[in-house]
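Q: Input structure: coords_2.tsv, which contains TSV, C-alpha atoms and all ligand atoms.
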```tsv
chain	number	residue	atom	x	y	z
W	10	MET	CA	-16.94	-15.96	17.38
W	11	SER	CA	-19.34	-13.13	16.72
W	12	GLU	CA	-22.95	-13.94	15.98
W	13	GLN	CA	-23.81	-14.23	12.29
W	14	LYS	CA	-25.86	-11.30	11.08
W	15	ILE	CA	-27.77	-10.62	7.89
W	16	ILE	CA	-26.50	-7.89	5.59
W	17	LEU	CA	-28.23	-6.24	2.66
W	18	THR	CA	-26.70	-3.69	0.30
W	19	GLY	CA	-27.07	-2.84	-3.32
W	20	ASP	CA	-26.36	-0.58	-6.24
W	21	ARG	CA	-28.45	0.98	-8.93
W	22	PRO	CA	-27.66	-0.40	-12.41
W	23	THR	CA	-27.34	3.06	-13.94
W	24	GLY	CA	-23.78	2.53	-15.15
W	25	LYS	CA	-20.52	0.94	-14.07
W	26	LEU	CA	-19.26	1.09	-10.51
W	27	HIS	CA	-16.58	3.57	-9.49
W	28	LEU	CA	-13.93	4.23	-6.84
W	29	GLY	CA	-16.58	5.84	-4.58
W	30	HIS	CA	-18.52	2.58	-4.52
W	31	TYR	CA	-15.36	0.74	-3.63
W	32	VAL	CA	-14.44	2.80	-0.57
W	33	GLY	CA	-18.05	3.48	0.46
W	34	SER	CA	-19.40	-0.03	0.28
W	35	LEU	CA	-17.72	-2.69	-1.90
W	36	ALA	CA	-14.60	-3.04	0.27
W	37	ALA	CA	-16.75	-3.70	3.34
W	38	ARG	CA	-18.81	-6.29	1.46
W	39	VAL	CA	-15.75	-8.27	0.46
W	40	LYS	CA	-14.74	-8.52	4.13
W	41	LEU	CA	-18.20	-9.06	5.59
W	42	GLN	CA	-19.09	-11.96	3.30
W	43	ASP	CA	-16.71	-14.17	5.27
W	44	VAL	CA	-18.39	-13.47	8.58
W	45	HIS	CA	-22.07	-12.81	7.90
W	46	ARG	CA	-24.94	-13.86	5.63
W	47	GLN	CA	-24.83	-11.31	2.85
W	48	PHE	CA	-27.36	-10.32	0.17
W	49	VAL	CA	-26.33	-7.89	-2.56
W	50	MET	CA	-29.08	-6.44	-4.71
W	51	ILE	CA	-28.87	-4.94	-8.18
W	52	ALA	CA	-31.55	-2.29	-7.68
W	53	ASP	CA	-33.06	-2.05	-11.16
W	54	ALA	CA	-36.56	-1.14	-9.92
W	55	GLN	CA	-35.06	1.73	-7.97
W	56	ALA	CA	-32.98	2.80	-10.95
W	57	LEU	CA	-36.17	3.00	-13.02
W	58	THR	CA	-37.58	5.62	-10.62
W	59	ASP	CA	-35.41	8.23	-12.32
W	60	HIS	CA	-34.50	6.32	-15.51
W	61	ALA	CA	-37.91	5.16	-16.73
W	62	HIS	CA	-36.99	6.45	-20.19
W	63	GLU	CA	-33.76	4.42	-20.31
W	64	PRO	CA	-34.57	0.73	-19.79
W	65	ALA	CA	-31.80	-0.26	-22.20
W	66	LEU	CA	-29.23	1.42	-19.94
W	67	ILE	CA	-30.62	-0.45	-16.93
W	68	ARG	CA	-30.55	-3.74	-18.81
W	69	SER	CA	-26.93	-3.42	-19.94
W	70	SER	CA	-25.80	-2.07	-16.57
W	71	ILE	CA	-26.99	-5.19	-14.78
W	72	MET	CA	-24.17	-7.13	-16.45
W	73	GLU	CA	-21.67	-4.30	-15.83
W	74	VAL	CA	-22.47	-4.09	-12.13
W	75	ALA	CA	-22.36	-7.88	-11.75
W	76	LEU	CA	-18.92	-7.93	-13.44
W	77	ASP	CA	-17.73	-5.14	-11.12
W	78	TYR	CA	-18.85	-7.19	-8.11
W	79	LEU	CA	-17.01	-10.28	-9.27
W	80	ALA	CA	-13.94	-8.25	-10.19
W	81	VAL	CA	-13.53	-6.75	-6.71
W	82	GLY	CA	-13.96	-10.13	-5.06
W	83	ILE	CA	-17.61	-10.42	-4.09
W	84	ASP	CA	-17.94	-14.18	-4.24
W	85	PRO	CA	-21.30	-15.69	-5.25
W	86	ARG	CA	-20.50	-18.78	-3.18
W	87	LYS	CA	-20.54	-16.58	-0.09
W	88	THR	CA	-22.85	-13.74	-1.13
W	89	THR	CA	-26.32	-13.97	-2.69
W	90	ILE	CA	-26.38	-11.54	-5.63
W	91	PHE	CA	-29.85	-10.88	-7.06
W	92	ILE	CA	-31.97	-8.62	-9.26
W	93	GLN	CA	-34.51	-6.48	-7.38
W	94	SER	CA	-37.39	-6.43	-9.88
W	95	LEU	CA	-37.39	-10.22	-10.09
W	96	VAL	CA	-38.28	-10.46	-6.40
W	97	PRO	CA	-41.96	-9.38	-6.52
W	98	ALA	CA	-42.40	-9.64	-2.72
W	99	LEU	CA	-40.37	-6.42	-2.49
W	100	ALA	CA	-42.96	-4.48	-4.50
W	101	GLU	CA	-45.78	-5.88	-2.39
W	102	LEU	CA	-44.07	-4.97	0.89
W	103	THR	CA	-43.53	-1.45	-0.48
W	104	MET	CA	-47.29	-1.11	-1.00
W	105	TYR	CA	-48.05	-1.98	2.62
W	106	TYR	CA	-45.29	0.19	4.10
W	107	LEU	CA	-46.37	3.23	2.09
W	108	ASN	CA	-49.47	3.39	4.29
W	109	LEU	CA	-47.30	3.81	7.37
W	110	VAL	CA	-45.54	6.98	6.24
W	111	THR	CA	-46.85	10.44	5.50
W	112	TRP	CA	-46.29	12.41	2.33
W	113	ASN	CA	-44.86	15.18	4.45
W	114	ARG	CA	-42.21	12.85	5.90
W	115	LEU	CA	-41.19	11.72	2.40
W	116	LYS	CA	-40.79	15.32	1.25
W	117	HIS	CA	-38.35	16.02	4.08
W	118	ASN	CA	-35.87	13.22	3.39
W	119	PRO	CA	-32.62	15.22	3.00
W	120	THR	CA	-31.04	12.91	0.38
W	121	VAL	CA	-34.18	12.84	-1.75
W	122	LYS	CA	-34.46	16.63	-1.46
W	123	LEU	CA	-30.88	17.08	-2.64
W	124	GLU	CA	-31.31	14.60	-5.51
W	125	ILE	CA	-34.52	16.32	-6.66
W	126	GLN	CA	-32.53	19.54	-6.79
W	127	GLN	CA	-29.56	17.96	-8.61
W	128	LYS	CA	-31.86	16.40	-11.19
W	129	GLY	CA	-33.80	19.63	-11.60
W	130	TYR	CA	-37.18	17.95	-11.00
W	131	GLY	CA	-38.92	20.64	-8.96
W	132	GLU	CA	-42.60	19.69	-8.59
W	133	GLU	CA	-42.33	17.33	-11.60
W	134	VAL	CA	-40.62	14.62	-9.60
W	135	PRO	CA	-41.76	11.08	-10.51
W	136	ALA	CA	-43.92	9.67	-7.70
W	137	GLY	CA	-41.85	6.49	-7.77
W	138	PHE	CA	-38.74	8.53	-7.07
W	139	MET	CA	-40.38	10.26	-4.08
W	140	ILE	CA	-41.13	6.93	-2.46
W	141	TYR	CA	-37.86	5.10	-3.18
W	142	PRO	CA	-36.83	5.30	0.49
W	143	ILE	CA	-39.86	3.15	1.30
W	144	SER	CA	-38.94	0.66	-1.39
W	145	GLN	CA	-35.51	0.51	0.30
W	146	ALA	CA	-37.27	-0.19	3.61
W	147	ALA	CA	-38.95	-3.13	1.86
W	148	ASP	CA	-35.61	-4.38	0.50
W	149	ILE	CA	-33.87	-4.20	3.86
W	150	THR	CA	-36.67	-5.71	5.93
W	151	ALA	CA	-37.52	-8.47	3.46
W	152	PHE	CA	-34.12	-9.98	4.18
W	153	LYS	CA	-34.32	-9.12	7.90
W	154	ALA	CA	-31.01	-7.34	7.51
W	155	SER	CA	-29.57	-5.83	10.66
W	156	ILE	CA	-26.49	-4.33	8.99
W	157	VAL	CA	-26.43	-2.11	5.91
W	158	PRO	CA	-22.93	-0.98	4.81
W	159	VAL	CA	-23.44	2.23	2.82
W	160	GLY	CA	-22.04	5.60	1.89
W	161	ASP	CA	-23.25	8.43	4.11
W	162	ASP	CA	-25.80	9.66	1.54
W	163	GLN	CA	-27.80	6.59	2.48
W	164	ILE	CA	-28.06	7.25	6.22
W	165	PRO	CA	-31.45	9.04	5.94
W	166	MET	CA	-32.79	5.95	4.14
W	167	ILE	CA	-31.83	3.68	7.02
W	168	GLU	CA	-33.43	6.12	9.48
W	169	GLN	CA	-36.59	5.98	7.40
W	170	THR	CA	-36.49	2.17	7.45
W	171	VAL	CA	-36.13	2.13	11.24
W	172	GLU	CA	-39.25	4.31	11.49
W	173	VAL	CA	-41.20	1.93	9.26
W	174	VAL	CA	-40.05	-1.09	11.27
W	175	ARG	CA	-41.06	0.50	14.59
W	176	LYS	CA	-44.39	1.64	13.28
W	177	PHE	CA	-45.19	-1.74	11.71
W	178	ASN	CA	-44.21	-3.76	14.76
W	179	ARG	CA	-46.13	-1.45	17.11
W	180	LEU	CA	-49.24	-1.23	14.97
W	181	TYR	CA	-49.53	-4.94	14.29
W	182	LYS	CA	-48.21	-6.01	17.71
W	183	THR	CA	-45.44	-8.12	16.26
W	184	ASP	CA	-41.67	-8.43	16.10
W	185	VAL	CA	-41.56	-9.71	12.53
W	186	LEU	CA	-39.51	-6.80	11.19
W	187	VAL	CA	-35.90	-6.24	12.22
W	188	GLU	CA	-34.39	-2.78	12.85
W	189	PRO	CA	-31.34	-2.21	10.63
W	190	GLN	CA	-28.21	-0.29	11.42
W	191	ALA	CA	-26.21	1.69	8.86
W	192	VAL	CA	-22.49	1.00	8.84
W	193	THR	CA	-20.35	3.59	7.10
W	194	SER	CA	-16.66	3.26	6.32
W	195	THR	CA	-14.11	5.83	7.49
W	196	LEU	CA	-14.36	7.38	4.05
W	197	ALA	CA	-18.11	7.38	3.62
W	198	ARG	CA	-18.10	9.86	0.75
W	199	LEU	CA	-15.41	9.96	-1.90
W	200	PRO	CA	-15.38	13.29	-3.76
W	201	GLY	CA	-15.51	13.46	-7.54
W	202	ILE	CA	-12.51	14.24	-9.77
W	203	ASP	CA	-14.11	17.69	-10.16
W	204	GLY	CA	-13.78	18.26	-6.40
W	205	LYS	CA	-17.55	18.02	-5.89
W	206	ALA	CA	-18.66	16.39	-2.65
W	207	LYS	CA	-19.64	13.03	-4.14
W	208	MET	CA	-18.26	10.90	-6.92
W	209	SER	CA	-21.38	9.69	-8.69
W	210	LYS	CA	-22.22	7.70	-11.79
W	211	SER	CA	-24.65	10.33	-12.95
W	212	LEU	CA	-22.56	13.45	-12.23
W	213	GLY	CA	-19.84	12.64	-14.80
W	214	ASN	CA	-17.07	12.96	-12.20
W	215	ALA	CA	-16.14	9.33	-11.60
W	216	ILE	CA	-13.16	7.04	-12.15
W	217	PHE	CA	-14.73	3.68	-12.93
W	218	LEU	CA	-13.30	0.39	-11.67
W	219	SER	CA	-13.25	-0.77	-15.30
W	220	ASP	CA	-11.65	2.35	-16.82
W	221	PRO	CA	-8.67	1.39	-19.03
W	222	ALA	CA	-5.25	2.64	-17.92
W	223	ASP	CA	-5.15	5.50	-20.45
W	224	VAL	CA	-8.57	6.78	-19.37
W	225	VAL	CA	-7.51	6.75	-15.71
W	226	ALA	CA	-4.37	8.67	-16.67
W	227	LYS	CA	-6.41	11.31	-18.46
W	228	LYS	CA	-8.87	11.68	-15.59
W	229	VAL	CA	-6.14	11.99	-12.98
W	230	LYS	CA	-4.31	14.56	-15.08
W	231	GLY	CA	-7.44	16.69	-15.28
W	232	MET	CA	-8.33	16.37	-11.60
W	233	TYR	CA	-9.39	19.33	-9.52
W	234	THR	CA	-6.78	20.34	-6.93
W	235	ASP	CA	-6.27	23.51	-4.89
W	236	PRO	CA	-7.26	26.36	-7.25
W	237	GLY	CA	-5.12	28.75	-5.15
W	238	HIS	CA	-1.96	26.68	-5.79
W	239	LEU	CA	-0.82	28.55	-8.88
W	240	LYS	CA	2.97	28.32	-8.72
W	241	VAL	CA	4.93	25.32	-7.53
W	242	GLU	CA	6.52	27.33	-4.73
W	243	ASP	CA	3.14	28.51	-3.39
W	244	PRO	CA	1.80	26.75	-0.28
W	245	GLY	CA	-1.06	24.42	-1.27
W	246	LYS	CA	-4.16	23.23	0.55
W	247	VAL	CA	-4.29	19.54	1.44
W	248	GLU	CA	-7.66	19.65	3.19
W	249	GLY	CA	-10.50	19.19	0.71
W	250	ASN	CA	-8.03	18.46	-2.10
W	251	PRO	CA	-9.37	15.30	-3.76
W	252	VAL	CA	-5.91	14.23	-4.96
W	253	PHE	CA	-4.87	13.76	-1.33
W	254	THR	CA	-8.24	12.26	-0.37
W	255	TYR	CA	-7.70	9.57	-3.02
W	256	LEU	CA	-4.12	9.00	-1.85
W	257	ASP	CA	-5.41	8.49	1.70
W	258	ALA	CA	-8.02	6.05	0.42
W	259	PHE	CA	-5.86	3.97	-1.93
W	260	GLY	CA	-2.18	4.61	-1.06
W	261	LYS	CA	-0.30	2.05	1.01
W	262	ASP	CA	2.82	4.09	1.83
W	263	LYS	CA	1.37	6.33	4.56
W	264	ALA	CA	4.77	7.81	5.49
W	265	LYS	CA	5.38	8.94	1.92
W	266	ILE	CA	1.88	10.41	1.66
W	267	ASP	CA	2.31	12.33	4.94
W	268	GLU	CA	5.64	13.65	3.71
W	269	MET	CA	4.04	14.76	0.39
W	270	LYS	CA	1.21	16.50	2.25
W	271	ALA	CA	3.67	18.45	4.40
W	272	HIS	CA	5.74	19.40	1.35
W	273	TYR	CA	2.63	20.49	-0.58
W	274	ALA	CA	1.37	22.56	2.38
W	275	ARG	CA	4.64	24.44	2.80
W	276	GLY	CA	5.09	24.95	-0.95
W	277	GLY	CA	7.52	23.57	-3.51
W	278	LEU	CA	5.61	20.48	-4.55
W	279	GLY	CA	3.84	20.68	-7.91
W	280	ASP	CA	0.40	19.26	-8.62
W	281	SER	CA	1.76	17.24	-11.53
W	282	VAL	CA	4.16	15.38	-9.24
W	283	VAL	CA	1.39	14.50	-6.78
W	284	LYS	CA	-0.87	13.45	-9.63
W	285	LYS	CA	1.85	11.27	-11.13
W	286	TYR	CA	2.17	9.46	-7.80
W	287	LEU	CA	-1.62	9.15	-7.47
W	288	LEU	CA	-1.77	7.65	-10.93
W	289	ASP	CA	0.79	4.98	-9.95
W	290	VAL	CA	-1.19	4.20	-6.81
W	291	LEU	CA	-4.49	3.94	-8.70
W	292	GLN	CA	-3.05	1.83	-11.51
W	293	GLU	CA	-1.62	-0.60	-8.98
W	294	PHE	CA	-5.02	-0.82	-7.29
W	295	LEU	CA	-7.08	-1.07	-10.48
W	296	GLU	CA	-4.92	-3.38	-12.61
W	297	PRO	CA	-5.84	-6.66	-10.85
W	298	ILE	CA	-9.52	-5.63	-10.76
W	299	ARG	CA	-9.43	-4.91	-14.51
W	300	LYS	CA	-7.80	-8.30	-15.23
W	301	ARG	CA	-10.33	-10.25	-13.17
W	302	ARG	CA	-13.17	-8.33	-14.81
W	303	GLU	CA	-11.91	-9.23	-18.30
W	304	GLU	CA	-11.80	-12.89	-17.30
W	305	PHE	CA	-15.40	-12.93	-16.03
W	306	ALA	CA	-16.58	-10.91	-19.04
W	307	LYS	CA	-15.56	-13.78	-21.33
W	308	ASP	CA	-18.55	-15.81	-20.13
W	309	PRO	CA	-21.64	-13.60	-19.77
W	310	GLY	CA	-23.86	-16.70	-19.74
W	311	ALA	CA	-22.22	-17.88	-16.53
W	312	VAL	CA	-22.72	-14.45	-14.96
W	313	MET	CA	-26.43	-14.48	-15.82
W	314	GLN	CA	-26.74	-18.01	-14.44
W	315	MET	CA	-25.15	-16.83	-11.20
W	316	LEU	CA	-27.67	-13.95	-11.01
W	317	LYS	CA	-30.53	-16.33	-11.70
W	318	GLN	CA	-29.53	-18.64	-8.86
W	319	GLY	CA	-29.05	-15.70	-6.50
W	320	THR	CA	-32.45	-14.32	-7.45
W	321	GLU	CA	-34.08	-17.68	-6.69
W	322	ALA	CA	-32.50	-17.75	-3.24
W	323	ALA	CA	-33.54	-14.13	-2.63
W	324	ASN	CA	-37.15	-14.94	-3.56
W	325	LYS	CA	-37.23	-17.73	-1.01
W	326	LYS	CA	-36.14	-15.45	1.81
W	327	ALA	CA	-38.32	-12.49	0.79
W	328	ASN	CA	-41.44	-14.64	0.32
W	329	GLN	CA	-40.99	-16.06	3.78
W	330	THR	CA	-40.94	-12.54	5.26
W	331	LEU	CA	-43.92	-11.52	3.15
W	332	THR	CA	-45.93	-14.45	4.55
W	333	GLU	CA	-45.05	-13.36	8.08
W	334	VAL	CA	-45.94	-9.74	7.29
W	335	ARG	CA	-49.33	-10.66	5.84
W	336	SER	CA	-50.04	-12.85	8.82
W	337	ALA	CA	-49.01	-10.09	11.29
W	338	MET	CA	-51.36	-7.72	9.45
W	339	GLY	CA	-54.15	-10.30	9.50
W	340	ILE	CA	-54.55	-10.29	5.74
W	341	ASP	CA	-53.59	-13.92	5.26
W	342	TYR	CA	-57.18	-14.65	4.28
W	343	PHE	CA	-56.87	-18.27	3.27
W	344	SER	CA	-54.97	-19.49	6.27
W	345	THR	CA	-57.00	-20.99	9.09
W	346	ARG	CA	-56.94	-19.09	12.35
W	347	SER	CA	-58.04	-20.10	15.79
W	401	LIG	P1	-26.47	7.29	-9.16
W	401	LIG	O1	-25.81	8.54	-9.62
W	401	LIG	O2	-27.16	6.50	-10.22
W	401	LIG	O3	-27.32	7.50	-7.92
W	401	LIG	P2	-24.31	6.51	-7.45
W	401	LIG	O4	-22.95	6.73	-7.98
W	401	LIG	O5	-24.88	7.46	-6.43
W	401	LIG	O6	-25.26	6.37	-8.71
W	401	LIG	P3	-25.61	4.28	-6.14
W	401	LIG	O7	-25.87	3.03	-6.90
W	401	LIG	O8	-26.73	5.25	-5.91
W	401	LIG	O9	-24.38	5.05	-6.86
W	401	LIG	O10	-24.95	3.93	-4.73
W	401	LIG	C1	-24.66	2.61	-4.29
W	401	LIG	C2	-23.90	2.61	-2.98
W	401	LIG	O11	-22.62	3.22	-3.15
W	401	LIG	C3	-24.58	3.40	-1.84
W	401	LIG	O12	-24.33	2.71	-0.63
W	401	LIG	C4	-23.84	4.70	-1.84
W	401	LIG	O13	-23.87	5.31	-0.57
W	401	LIG	C5	-22.43	4.27	-2.21
W	401	LIG	N1	-21.71	5.37	-2.87
W	401	LIG	C6	-22.01	5.91	-4.08
W	401	LIG	N2	-21.16	6.91	-4.36
W	401	LIG	C7	-20.29	7.01	-3.33
W	401	LIG	C8	-19.17	7.85	-3.03
W	401	LIG	N3	-18.76	8.80	-3.87
W	401	LIG	N4	-18.49	7.66	-1.87
W	401	LIG	C9	-18.89	6.69	-1.00
W	401	LIG	N5	-19.93	5.85	-1.22
W	401	LIG	C10	-20.64	6.00	-2.36
W	402	MG	MG	-27.03	7.31	-5.79
```
In C-alpha cells, what does this structure look like?

A:
Amino acid sequence: MSEQKIILTGDRPTGKLHLGHYVGSLAARVKLQDVHRQFVMIADAQALTDHAHEPALIRSSIMEVALDYLAVGIDPRKTTIFIQSLVPALAELTMYYLNLVTWNRLKHNPTVKLEIQQKGYGEEVPAGFMIYPISQAADITAFKASIVPVGDDQIPMIEQTVEVVRKFNRLYKTDVLVEPQAVTSTLARLPGIDGKAKMSKSLGNAIFLSDPADVVAKKVKGMYTDPGHLKVEDPGKVEGNPVFTYLDAFGKDKAKIDEMKAHYARGGLGDSVVKKYLLDVLQEFLEPIRKRREEFAKDPGAVMQMLKQGTEAANKKANQTLTEVRSAMGIDYFSTRS
C-alpha cells in the first residue's frame, strides 16, 4: 500500500463549477479521497481579491460550489471541505510569508501577469490580488500538503509555494514546512466553448456541471469549431478543435471518436453531426451529476452543517501548523524556552 499523503485543493466561489474544473481537478479529487487525506477549500478570501465589490456573489457561490462537490462525488466522510476565510491561521501565515518574497518576484508570476491583463487592471491591480500566490502558499503549507491536483494555470503558484517553503525552512533552520508537488491531469486545461485556451467561470465560455439539458444543447450548438471548415465536404481540422477535445475528455467510445476524427479530417463529416454526438456524450455524463445535485440542494441546512464541521477540522490542523511556525520563528513569546 502506498503511503498516505496530504492533499489540498480548492476553488474560488465566483460562480458554479464547470467541465474544466471536472477534468482539471474534480475527477482526481474523487479518486484521491480513497487513498489520501484530502482537504478541499472553498477559497472565498482569494475570490475577494478580485471580487471585493461582489460579496453577495461570493456568499451565494459557496453553496453552489459545495453542491457541485457533492454532486460529482466528493464525499465529506472522506474529504474535509472547508471555507478559507473562516480559518484565520491562513491569513496570519500569509502575513509572515509575505516577508520572504520580493515585490519583483510577485510581479513576474506568469499566471498573475496574464490575469491582470485579462481583467484589464494595469497598474490599478488590487494589492490583495498581487499577493494571492502567497496566500495560496499559506493554504497549502498550513495543511502540510505534499500533493496539489490542479489545472496547469496553477503550476506557477506551486513553484512559488516551494520557494517560500525552502526559504522559510532555511532561514529559521527548521523542517516545519512541507514542499508540495503539483499534479496535473492529462487534460490540464480544457478550452472554452469559444475555442479560447481556458474554460473559465469569469470568461463566459463555460458549460457548467449544473446547466440544464436545454442550456447544454444551446451551448454545444453554438460551439466554436474549425472556422476553415465551411462546407461539409471540406477537410476539417481536429487539432485545437474544442468539439474533439471535449469528446476526448468525456467520450467513452474511443474507436468511434477516432473514426469521426479521421472522417472529419478527410472531409465529408459536418460539424452538426459531431456536435450532436458530443451533446449525447455530455448529457450522459451530466445527467447523473444534475440529479445528485438536485437531491443535495433540497437540504441546504445539511450542506452548511457539513461545511461547518469541515471548517472546524481545518482550523485544528491549520492552528497546529501555525503554532509550529511561530515557534520556528521564535515569536512564540509566552511559551517557556530553555
Ligand atoms: P475564475 O475565473 O474565477 O478564476 P476559474 O474557472 O479559473 O474561475 P478557479 O476556481 O480559479 O476556476 O480554479 C479552480 C481549479 O480548477 C484550479 O485548480 C484550476 O487550475 C482548475 N481549472 C479551472 N479551469 C480549468 C480548465 N478550463 N481546465 C482545467 N482545469 C481548470
Ligand atoms: Mg481561476

Q: Leaving out Leu26 of chain W and any residue of its chain fewer than 4 positions from it, which residues lie within 10 Å of it when counting only C-alpha atoms, given as a PyMOL selection string?

A: chain W and resi 20-22+30-31+35+70+73-78+209-210+215-220

Q: For each of W:Ala337, W:Leu17, W:Val157, W:Ala271, take the minimum atom-to-atom distance to Asp184 of chain W, counting only C-alpha atoms, then give the residue where this is smallest.

A: W:Ala337

Q: Applying 10 Å and all atoms listed in the file, which residues near segment 221-238 of chain W remain after dropping the ones on its own chain fewer than 3 positions away? List them as a PyMOL selection string.

A: chain W and resi 201-205+214-218+241-253+273-274+276+278-281+284-285+287-289+291-292+295-296+299

Q: With ligand MG 402 (chain W) as the partner and 12 Å as the cut-off, tabulate the residues of chain W that qualify, each row holding the nearest pair of atoms and their distance in Å to one decimal, using only C-alpha atoms and all ligand atoms, sorted by chain and rising number, as JSON lines.

A:
```
{"residue": "W:Gly19", "atom": "CA", "partner": "W:MG402", "partner_atom": "MG", "distance": 10.4}
{"residue": "W:Asp20", "atom": "CA", "partner": "W:MG402", "partner_atom": "MG", "distance": 7.9}
{"residue": "W:Arg21", "atom": "CA", "partner": "W:MG402", "partner_atom": "MG", "distance": 7.2}
{"residue": "W:Pro22", "atom": "CA", "partner": "W:MG402", "partner_atom": "MG", "distance": 10.2}
{"residue": "W:Thr23", "atom": "CA", "partner": "W:MG402", "partner_atom": "MG", "distance": 9.2}
{"residue": "W:Gly24", "atom": "CA", "partner": "W:MG402", "partner_atom": "MG", "distance": 11.0}
{"residue": "W:Leu26", "atom": "CA", "partner": "W:MG402", "partner_atom": "MG", "distance": 11.0}
{"residue": "W:His27", "atom": "CA", "partner": "W:MG402", "partner_atom": "MG", "distance": 11.7}
{"residue": "W:Gly29", "atom": "CA", "partner": "W:MG402", "partner_atom": "MG", "distance": 10.6}
{"residue": "W:His30", "atom": "CA", "partner": "W:MG402", "partner_atom": "MG", "distance": 9.8}
{"residue": "W:Gly33", "atom": "CA", "partner": "W:MG402", "partner_atom": "MG", "distance": 11.6}
{"residue": "W:Ala52", "atom": "CA", "partner": "W:MG402", "partner_atom": "MG", "distance": 10.8}
{"residue": "W:Gln55", "atom": "CA", "partner": "W:MG402", "partner_atom": "MG", "distance": 10.0}
{"residue": "W:Ala56", "atom": "CA", "partner": "W:MG402", "partner_atom": "MG", "distance": 9.1}
{"residue": "W:Thr58", "atom": "CA", "partner": "W:MG402", "partner_atom": "MG", "distance": 11.7}
{"residue": "W:Asp59", "atom": "CA", "partner": "W:MG402", "partner_atom": "MG", "distance": 10.7}
{"residue": "W:Thr120", "atom": "CA", "partner": "W:MG402", "partner_atom": "MG", "distance": 9.2}
{"residue": "W:Val121", "atom": "CA", "partner": "W:MG402", "partner_atom": "MG", "distance": 9.9}
{"residue": "W:Leu123", "atom": "CA", "partner": "W:MG402", "partner_atom": "MG", "distance": 11.0}
{"residue": "W:Glu124", "atom": "CA", "partner": "W:MG402", "partner_atom": "MG", "distance": 8.5}
{"residue": "W:Ile125", "atom": "CA", "partner": "W:MG402", "partner_atom": "MG", "distance": 11.7}
{"residue": "W:Gln127", "atom": "CA", "partner": "W:MG402", "partner_atom": "MG", "distance": 11.3}
{"residue": "W:Lys128", "atom": "CA", "partner": "W:MG402", "partner_atom": "MG", "distance": 11.6}
{"residue": "W:Phe138", "atom": "CA", "partner": "W:MG402", "partner_atom": "MG", "distance": 11.8}
{"residue": "W:Tyr141", "atom": "CA", "partner": "W:MG402", "partner_atom": "MG", "distance": 11.4}
{"residue": "W:Pro142", "atom": "CA", "partner": "W:MG402", "partner_atom": "MG", "distance": 11.8}
{"residue": "W:Val159", "atom": "CA", "partner": "W:MG402", "partner_atom": "MG", "distance": 10.6}
{"residue": "W:Gly160", "atom": "CA", "partner": "W:MG402", "partner_atom": "MG", "distance": 9.3}
{"residue": "W:Asp161", "atom": "CA", "partner": "W:MG402", "partner_atom": "MG", "distance": 10.7}
{"residue": "W:Asp162", "atom": "CA", "partner": "W:MG402", "partner_atom": "MG", "distance": 7.8}
{"residue": "W:Gln163", "atom": "CA", "partner": "W:MG402", "partner_atom": "MG", "distance": 8.3}
{"residue": "W:Met166", "atom": "CA", "partner": "W:MG402", "partner_atom": "MG", "distance": 11.6}
{"residue": "W:Arg198", "atom": "CA", "partner": "W:MG402", "partner_atom": "MG", "distance": 11.4}
{"residue": "W:Lys207", "atom": "CA", "partner": "W:MG402", "partner_atom": "MG", "distance": 9.5}
{"residue": "W:Met208", "atom": "CA", "partner": "W:MG402", "partner_atom": "MG", "distance": 9.5}
{"residue": "W:Ser209", "atom": "CA", "partner": "W:MG402", "partner_atom": "MG", "distance": 6.8}
{"residue": "W:Lys210", "atom": "CA", "partner": "W:MG402", "partner_atom": "MG", "distance": 7.7}
{"residue": "W:Ser211", "atom": "CA", "partner": "W:MG402", "partner_atom": "MG", "distance": 8.1}
{"residue": "W:Leu212", "atom": "CA", "partner": "W:MG402", "partner_atom": "MG", "distance": 10.0}
```

Q: Atoms to include: C-alpha atoms. Write the selected residues as a JSON list (two decimals), in the frame of the given file.

A:
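Below is the file selection16.json, written as the result:
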```json
[["chain", "number", "residue", "atom", "x", "y", "z"],
["W", 19, "GLY", "CA", -27.07, -2.84, -3.32],
["W", 20, "ASP", "CA", -26.36, -0.58, -6.24],
["W", 21, "ARG", "CA", -28.45, 0.98, -8.93],
["W", 22, "PRO", "CA", -27.66, -0.40, -12.41],
["W", 23, "THR", "CA", -27.34, 3.06, -13.94],
["W", 24, "GLY", "CA", -23.78, 2.53, -15.15],
["W", 26, "LEU", "CA", -19.26, 1.09, -10.51],
["W", 27, "HIS", "CA", -16.58, 3.57, -9.49],
["W", 29, "GLY", "CA", -16.58, 5.84, -4.58],
["W", 30, "HIS", "CA", -18.52, 2.58, -4.52],
["W", 33, "GLY", "CA", -18.05, 3.48, 0.46],
["W", 52, "ALA", "CA", -31.55, -2.29, -7.68],
["W", 55, "GLN", "CA", -35.06, 1.73, -7.97],
["W", 56, "ALA", "CA", -32.98, 2.80, -10.95],
["W", 58, "THR", "CA", -37.58, 5.62, -10.62],
["W", 59, "ASP", "CA", -35.41, 8.23, -12.32],
["W", 120, "THR", "CA", -31.04, 12.91, 0.38],
["W", 121, "VAL", "CA", -34.18, 12.84, -1.75],
["W", 123, "LEU", "CA", -30.88, 17.08, -2.64],
["W", 124, "GLU", "CA", -31.31, 14.60, -5.51],
["W", 125, "ILE", "CA", -34.52, 16.32, -6.66],
["W", 127, "GLN", "CA", -29.56, 17.96, -8.61],
["W", 128, "LYS", "CA", -31.86, 16.40, -11.19],
["W", 138, "PHE", "CA", -38.74, 8.53, -7.07],
["W", 141, "TYR", "CA", -37.86, 5.10, -3.18],
["W", 142, "PRO", "CA", -36.83, 5.30, 0.49],
["W", 159, "VAL", "CA", -23.44, 2.23, 2.82],
["W", 160, "GLY", "CA", -22.04, 5.60, 1.89],
["W", 161, "ASP", "CA", -23.25, 8.43, 4.11],
["W", 162, "ASP", "CA", -25.80, 9.66, 1.54],
["W", 163, "GLN", "CA", -27.80, 6.59, 2.48],
["W", 166, "MET", "CA", -32.79, 5.95, 4.14],
["W", 198, "ARG", "CA", -18.10, 9.86, 0.75],
["W", 207, "LYS", "CA", -19.64, 13.03, -4.14],
["W", 208, "MET", "CA", -18.26, 10.90, -6.92],
["W", 209, "SER", "CA", -21.38, 9.69, -8.69],
["W", 210, "LYS", "CA", -22.22, 7.70, -11.79],
["W", 211, "SER", "CA", -24.65, 10.33, -12.95],
["W", 212, "LEU", "CA", -22.56, 13.45, -12.23]]
```

Q: Just checking: using all atoms listed in the file, which residue out of W:Gln93, W:Tyr286, W:Trp112, W:Ile71 ends up closest to Val312 of chain W?

A: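 Nearest candidate to Val312 of chain W out of W:Gln93, W:Tyr286, W:Trp112, W:Ile71: W:Ile71.
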